[in-house]
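Q: I'd like to ask some things about the structure below.
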Amino acid sequence: GNGTGSTTSSNPATVEVNGKTYATDSWFNAPANVLALTSRKLHLQKDHPVSITRQILESKFPRPTFKYHNDFDPVVSTVENFDSLGFPPDHPGRNRSDTYYINKDTLLRTHTSAHEAALFRASESDGYLISADVYRRDEVDRSHYPVFHQMEGARVWDRAAVPGGDVAAAVYADLARLPTHDIPVEDPNPPFDPERNPLQAAHHTPSEAEAVAAHLKRSLELMVVEIFTRAKAAAARQDPNYVDEPLRVRWVEAYFPFTSPSWELEVYYAGDWLEVLGCGVTQQQILIDAQVPSKVGWAFGIGLDRIAMLLFQIPDIRLFWSRDDRFLGQFAGVSDDLARLRRFVPFSKYPACYKDVSFWLRSTSSAAGGNSRDASAQDFHENDLMEIVRDIAGDTVEDVALVDAFTHPKTGRRSMCYRVNYRSLERTLTNAETNRLHDQVTQALVDKLGVEIR
Ligand code: FA5
Ligand code: MG
């Protein structure tokens with residue numbers, strides 16, 4: 001095999017997700033513990049921090065201009081998730097090492113953009129918001145979980161419906177109706193690559209593109225200002241001596257197949273710049289394909305979990321999945337009264353237990369008849385290891401990190417050492433329990449990845 005993400009030895013012929021049955025095939029790589037999370041819908045759970053965050057963001061994009069969609073099914077087609085958005089056939093996002101597939105044509109959406117084309121086609125409103133759970137195979141640490149939540153937003157203007165077909169004037173008129181803010185924006189107009197990230201000159205005049213970008217940026221800056229204003233108010237309610245750090249934001253260039261030009265918005269937080277969203281001017285081809293060629297507009301996608309972690313000062317992304325009342329109880333009543341929003345107060349932190357596992361990658365030199373180093377390197381996908389650890393240890397694993405790797409100078413074999421940090425959010429793990437988990441992890445690495453323990 002070529003190590004593309006299957007960690008289950010025997011795949012079921014069908015799987016059920018949210019009450020619907022799907023046939024699997026050799027592409028299937030979604031573990032049961034991830035499929036089980038499709039029913040949680042944290043973004044709709046009253047008083048859950050992800051849901052509260054959704055509510056606050058929705059308040060900045062009011063009805064009826066924006067229509068809200070919060071209940072789209074996470075199982076989508078590869079056409080919806082990739083092709084309809086202009087992803088090239090060889091885009092790395094399509095790999096089984098990055099994405100959970102049900103079968104060759106069906107997957108767990110990796111982003112809320114999977115629903116863009118259908119909503120543009122439905123053409124029900126000038127704007128929409130989609131909040132939903134999204135799924136990605138990824139590393140394991142305090143800010144990464146295989147399931148997180150995104151909010152997608154889009155706004156269009158119809159050339160056929162504005163006076164004189166003057167979209168730029170219509171957009172600037174709407175921009176003038178948006179509030180202003182006084183937060184410093186450190187790089188309001190970063191230069192963008194004219195080839196990789198061009199203005200869509202065949203479809204938009206420069207002033208149209210500029211107007212749409214200006215409306216997009218102001219709308220998203222206002223959204224971030226709203227979050228941080230609420231976070232500061234909560235901190236001040238809890239701590240009268242609280243001194244707020246001024247909010248700093250900046251725009252940086254980004255690339256997405258479905259917008260051009262594209263940007264990311266970063267917020268200065270705890271000594272570093274943190275990316276909170278991606279956005280851009282919608283590729284006209286998507287609107288043309290959706291049978292609304294006269295519309296022009298913008299789109300964005302923001303991570304709700306990441307924003308909720310900032311808003312509530314939640315230190316570990318696993319906490320969102322907790323059913324512990326010491327976590328959930330801290331947000332009671334907030335959905336109905338946002339003025340009751342408070343920062344999270346951590347309950348006692350249980351001890352960490354670090355365990356290392358060192359192994360040689362499978363040598364394929366005899367089969368390949370030569371360059372074993374390349375063969376081994378191609379065979380190993382770190383996300384496969386991450387998923388094996390999650391499968392066995394679940395939410396008792398806080399973090400998995402590569403601590404050492406080298407290639408033997410004579411044999412060309414590659415050795416890796418990973419450090420697993422076992423720590424429950426809810427109790428102290430016993431030594432025996434951690435050892436048992438780590439033994440199971442070690443055995444599974446041998447059975448499923450064919451590595452040789454050192
Ligand atoms: C996207 O998913 C694009 N669909 C966003 C977009 C929409 C661009 C519409 C243009 C137009 P990206 O992979 O960067 O882009 O994710 C968007 C946001 O989701 C990130 O800025 C971040 O806030 C959040 N996010 C991404 N990966 C993770 C993760 N592993 N854990 C938590 N949040 C994440
Ligand atoms: Mg990004």
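Labels for the structure tokens follow display order: chains A, B, ..., residues from 1 in each chain, ligands from 1.
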Given a cut-off of 8 Å, what residues near ligand 1 show up using only C-alpha atoms and all ligand atoms, put as a PyMOL selection string?

A: chain A and resi 110-114+136+138+143-150+152-154+256+258-259+262-265+275-282+298-307

Q: Using only C-alpha atoms, which protein or nucleic acid residues come within 8 Å of segment 434-443 of chain A? Drop anything in the same chain fewer than 6 positions from it, and give the result as a list in words.

A: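 Within the cut-off, the hits are Cys353, Lys355, Val357, Ile388, Val389, Ile392, Ala393, Tyr422 and Ile453 of chain A.
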
Q: As a ChimeraX atom specification, please: every residue in segment 77-204 of chain A that DSSP puts in alpha helix (DSSP H).

A: /A:78-81,116-122,167-177

Q: Write a file of the selected residues as a tab-separated table (two decimals), in the first residue's frame, keeping N, CA and C atoms.

A:
chain	number	residue	atom	x	y	z
A	78	THR	N	-17.23	15.15	-3.49
A	78	THR	CA	-15.96	15.77	-3.86
A	78	THR	C	-16.20	16.96	-4.80
A	79	VAL	N	-17.30	16.89	-5.55
A	79	VAL	CA	-17.65	18.02	-6.43
A	79	VAL	C	-17.96	19.25	-5.59
A	80	GLU	N	-18.78	19.06	-4.56
A	80	GLU	CA	-19.13	20.21	-3.70
A	80	GLU	C	-17.92	20.75	-2.96
A	81	ASN	N	-17.12	19.84	-2.38
A	81	ASN	CA	-16.02	20.28	-1.51
A	81	ASN	C	-14.84	20.85	-2.30
A	116	GLU	N	-21.04	26.70	-0.87
A	116	GLU	CA	-21.13	27.99	-1.59
A	116	GLU	C	-21.94	27.88	-2.88
A	117	ALA	N	-21.54	26.95	-3.73
A	117	ALA	CA	-22.13	26.89	-5.08
A	117	ALA	C	-23.65	26.69	-4.99
A	118	ALA	N	-24.09	25.80	-4.12
A	118	ALA	CA	-25.53	25.52	-4.00
A	118	ALA	C	-26.29	26.77	-3.53
A	119	LEU	N	-25.69	27.52	-2.61
A	119	LEU	CA	-26.40	28.70	-2.11
A	119	LEU	C	-26.39	29.84	-3.11
A	120	PHE	N	-25.29	29.98	-3.87
A	120	PHE	CA	-25.31	31.00	-4.93
A	120	PHE	C	-26.40	30.65	-5.94
A	121	ARG	N	-26.50	29.36	-6.26
A	121	ARG	CA	-27.50	28.91	-7.22
A	121	ARG	C	-28.92	29.14	-6.70
A	122	ALA	N	-29.13	28.85	-5.40
A	122	ALA	CA	-30.47	29.03	-4.81
A	122	ALA	C	-30.87	30.51	-4.82
A	167	VAL	N	-22.06	48.64	-10.12
A	167	VAL	CA	-21.86	47.86	-8.89
A	167	VAL	C	-20.99	48.62	-7.90
A	168	ALA	N	-19.92	49.25	-8.40
A	168	ALA	CA	-19.01	49.95	-7.49
A	168	ALA	C	-19.78	50.99	-6.67
A	169	ALA	N	-20.64	51.75	-7.33
A	169	ALA	CA	-21.40	52.78	-6.60
A	169	ALA	C	-22.32	52.14	-5.56
A	170	ALA	N	-22.95	51.02	-5.92
A	170	ALA	CA	-23.86	50.35	-4.98
A	170	ALA	C	-23.09	49.82	-3.78
A	171	VAL	N	-21.92	49.27	-4.03
A	171	VAL	CA	-21.13	48.71	-2.93
A	171	VAL	C	-20.64	49.83	-2.02
A	172	TYR	N	-20.15	50.93	-2.63
A	172	TYR	CA	-19.68	52.03	-1.79
A	172	TYR	C	-20.83	52.63	-0.98
A	173	ALA	N	-22.03	52.64	-1.54
A	173	ALA	CA	-23.18	53.15	-0.78
A	173	ALA	C	-23.45	52.25	0.43
A	174	ASP	N	-23.36	50.96	0.23
A	174	ASP	CA	-23.54	50.04	1.37
A	174	ASP	C	-22.40	50.18	2.38
A	175	LEU	N	-21.20	50.38	1.88
A	175	LEU	CA	-20.06	50.57	2.79
A	175	LEU	C	-20.28	51.80	3.67
A	176	ALA	N	-20.82	52.85	3.07
A	176	ALA	CA	-21.05	54.09	3.83
A	176	ALA	C	-22.09	53.87	4.94
A	177	ARG	N	-22.92	52.86	4.79
A	177	ARG	CA	-23.92	52.56	5.83
A	177	ARG	C	-23.37	51.70	6.96

Q: Running DSSP on the backbone, which parts of segment 143-385 of chain A land in strand (DSSP E), as number ranges by chain?

A: A: 147-158, 249-256, 259-269, 272-282, 295-303, 353-360

Q: Looking at only C-alpha atoms and all ligand atoms, which of A:Trp273, A:Trp27, A:Tyr135, A:Tyr255 is the one that sits closest to ligand 2?

A: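 For ligand 2, the nearest of the candidates is A:Tyr255.
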
Q: Nearest to ligand 2: which of A:Trp321, A:Leu42, A:Ala254, A:Tyr100 is it, counting only C-alpha atoms and all ligand atoms?

A: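 Smallest separation from ligand 2 among the options: A:Ala254.
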
Q: List the neighbours of Ala233 of chain A out to 9 Å using only C-alpha atoms; skip same-chain residues closer than 3 positions along the sequence, and give me the result as a PDB file with N, CA and C atoms, in the first residue's frame.

A:
ATOM      1  N   PHE A 228     -13.804  41.195  20.381  1.00  0.00           N
ATOM      2  CA  PHE A 228     -12.846  41.640  21.391  1.00  0.00           C
ATOM      3  C   PHE A 228     -13.453  42.638  22.357  1.00  0.00           C
ATOM      4  N   THR A 229     -14.409  43.413  21.908  1.00  0.00           N
ATOM      5  CA  THR A 229     -15.108  44.316  22.819  1.00  0.00           C
ATOM      6  C   THR A 229     -15.857  43.501  23.869  1.00  0.00           C
ATOM      7  N   ARG A 230     -16.494  42.423  23.430  1.00  0.00           N
ATOM      8  CA  ARG A 230     -17.227  41.570  24.380  1.00  0.00           C
ATOM      9  C   ARG A 230     -16.279  40.827  25.314  1.00  0.00           C
ATOM     10  N   ALA A 236     -13.400  42.618  32.341  1.00  0.00           N
ATOM     11  CA  ALA A 236     -13.536  43.735  33.284  1.00  0.00           C
ATOM     12  C   ALA A 236     -14.601  43.438  34.342  1.00  0.00           C
ATOM     13  N   ARG A 237     -15.654  42.719  33.957  1.00  0.00           N
ATOM     14  CA  ARG A 237     -16.681  42.343  34.950  1.00  0.00           C
ATOM     15  C   ARG A 237     -16.100  41.404  36.004  1.00  0.00           C
ATOM     16  N   GLN A 238     -15.203  40.528  35.550  1.00  0.00           N
ATOM     17  CA  GLN A 238     -14.650  39.532  36.479  1.00  0.00           C
ATOM     18  C   GLN A 238     -13.510  40.096  37.320  1.00  0.00           C
ATOM     19  N   ALA A 339     -24.894  39.540  27.933  1.00  0.00           N
ATOM     20  CA  ALA A 339     -24.245  40.358  28.960  1.00  0.00           C
ATOM     21  C   ALA A 339     -23.750  39.503  30.124  1.00  0.00           C
ATOM     22  N   LEU A 341     -21.886  36.940  29.647  1.00  0.00           N
ATOM     23  CA  LEU A 341     -20.677  36.265  29.171  1.00  0.00           C
ATOM     24  C   LEU A 341     -19.512  36.469  30.142  1.00  0.00           C
ATOM     25  N   ARG A 342     -18.848  35.388  30.510  1.00  0.00           N
ATOM     26  CA  ARG A 342     -17.691  35.434  31.398  1.00  0.00           C
ATOM     27  C   ARG A 342     -16.561  34.619  30.790  1.00  0.00           C
TER      28      ARG A 342
END

Q: May I have the residues within 10 Å of segment 294-296 of chain A as a ChimeraX atom specification, using only C-alpha atoms and disregarding those fewer than 5 positions away in the same chain?

A: /A:120,123,126,155-161,165,167-168,171,203-204,208-209,212,281-284,287-288

Q: Grab the residues selected above and save them as a tab-separated table (two decimals), in the first residue's frame with N, CA and C atoms.

A:
chain	number	residue	atom	x	y	z
A	120	PHE	N	-25.29	29.98	-3.87
A	120	PHE	CA	-25.31	31.00	-4.93
A	120	PHE	C	-26.40	30.65	-5.94
A	123	SER	N	-29.88	31.38	-4.70
A	123	SER	CA	-30.12	32.80	-4.91
A	123	SER	C	-31.28	33.35	-4.09
A	126	ASP	N	-29.24	38.36	-0.65
A	126	ASP	CA	-28.02	39.03	-1.08
A	126	ASP	C	-26.81	38.53	-0.30
A	155	ARG	N	-21.55	37.75	0.41
A	155	ARG	CA	-22.40	38.88	0.10
A	155	ARG	C	-22.28	39.12	-1.40
A	156	VAL	N	-23.40	39.32	-2.07
A	156	VAL	CA	-23.35	39.63	-3.51
A	156	VAL	C	-24.16	40.88	-3.82
A	157	TRP	N	-23.77	41.50	-4.93
A	157	TRP	CA	-24.54	42.60	-5.51
A	157	TRP	C	-24.84	42.19	-6.95
A	158	ASP	N	-26.07	42.47	-7.40
A	158	ASP	CA	-26.49	42.05	-8.73
A	158	ASP	C	-26.38	43.23	-9.69
A	159	ARG	N	-25.46	43.05	-10.65
A	159	ARG	CA	-25.24	44.11	-11.65
A	159	ARG	C	-26.55	44.49	-12.36
A	160	ALA	N	-27.40	43.46	-12.54
A	160	ALA	CA	-28.66	43.68	-13.26
A	160	ALA	C	-29.69	44.43	-12.41
A	161	ALA	N	-29.42	44.56	-11.11
A	161	ALA	CA	-30.43	45.16	-10.22
A	161	ALA	C	-30.01	46.51	-9.64
A	165	GLY	N	-26.32	49.68	-13.61
A	165	GLY	CA	-25.36	48.58	-13.58
A	165	GLY	C	-24.07	48.93	-12.87
A	167	VAL	N	-22.06	48.64	-10.12
A	167	VAL	CA	-21.86	47.86	-8.89
A	167	VAL	C	-20.99	48.62	-7.90
A	168	ALA	N	-19.92	49.25	-8.40
A	168	ALA	CA	-19.01	49.95	-7.49
A	168	ALA	C	-19.78	50.99	-6.67
A	171	VAL	N	-21.92	49.27	-4.03
A	171	VAL	CA	-21.13	48.71	-2.93
A	171	VAL	C	-20.64	49.83	-2.02
A	203	HIS	N	-13.77	40.23	-15.61
A	203	HIS	CA	-15.13	40.29	-15.07
A	203	HIS	C	-15.44	41.54	-14.27
A	204	HIS	N	-14.41	42.12	-13.65
A	204	HIS	CA	-14.66	43.25	-12.75
A	204	HIS	C	-13.79	44.43	-13.16
A	208	GLU	N	-14.72	48.26	-9.18
A	208	GLU	CA	-15.63	47.26	-8.59
A	208	GLU	C	-14.88	46.37	-7.61
A	209	ALA	N	-13.73	45.87	-8.06
A	209	ALA	CA	-12.94	44.99	-7.19
A	209	ALA	C	-12.52	45.72	-5.92
A	212	VAL	N	-15.61	46.10	-3.58
A	212	VAL	CA	-15.98	44.83	-2.93
A	212	VAL	C	-14.96	44.52	-1.83
A	281	VAL	N	-12.43	38.12	-2.89
A	281	VAL	CA	-13.45	38.44	-3.89
A	281	VAL	C	-13.81	37.13	-4.60
A	282	THR	N	-15.08	36.77	-4.59
A	282	THR	CA	-15.52	35.48	-5.13
A	282	THR	C	-15.14	35.34	-6.60
A	283	GLN	N	-14.56	34.18	-6.94
A	283	GLN	CA	-14.23	33.90	-8.35
A	283	GLN	C	-15.51	33.97	-9.18
A	284	GLN	N	-15.48	34.77	-10.22
A	284	GLN	CA	-16.69	34.96	-11.02
A	284	GLN	C	-17.17	33.64	-11.64
A	287	LEU	N	-19.87	31.97	-9.69
A	287	LEU	CA	-21.19	32.60	-9.86
A	287	LEU	C	-21.76	32.30	-11.25
A	288	ILE	N	-20.89	32.22	-12.24
A	288	ILE	CA	-21.34	31.87	-13.60
A	288	ILE	C	-21.87	30.45	-13.60

Q: Can you pull out the residues contacting Asn189 of chain A? Cut-off 10 Å, using only C-alpha atoms, and skip same-chain residues under 6 positions away; I want them as number ranges by chain.

A: A: 213-214, 217, 250-253, 263

Q: From the list A:Val134, A:Val185, A:Val75, A:Val34, which residue is nearest Val224 of chain A when using only C-alpha atoms?

A: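 Ranked by minimum distance to Val224 of chain A, first place goes to A:Val185.
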
Q: By how many Å are atom CA of Gly450 of chain A and atom CA of Arg362 of chain A apart?

A: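 Separation between atom CA of Gly450 of chain A and atom CA of Arg362 of chain A: 5.9 Å.
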
Q: Which one of A:Glu266, A:Arg248, A:Ile56, A:Met223 sits closest to ligand 2 if you count only C-alpha atoms and all ligand atoms?

A: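 Selected residue with least distance to ligand 2: A:Glu266.
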
Q: Which residue out of A:Met386, A:Arg340, A:Thr14, A:Met309 has the minimum interatomic distance to Val400 of chain A when only C-alpha atoms are used?

A: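 The shortest atom-to-atom distance to Val400 of chain A comes from A:Met386.
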
Q: For Ser219 of chain A, which of A:Leu402, A:Cys417, A:Leu57, A:Leu35 is the closest residue, counting only C-alpha atoms?

A: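 Looking only at the distances to Ser219 of chain A, the closest residue turns out to be A:Leu57.
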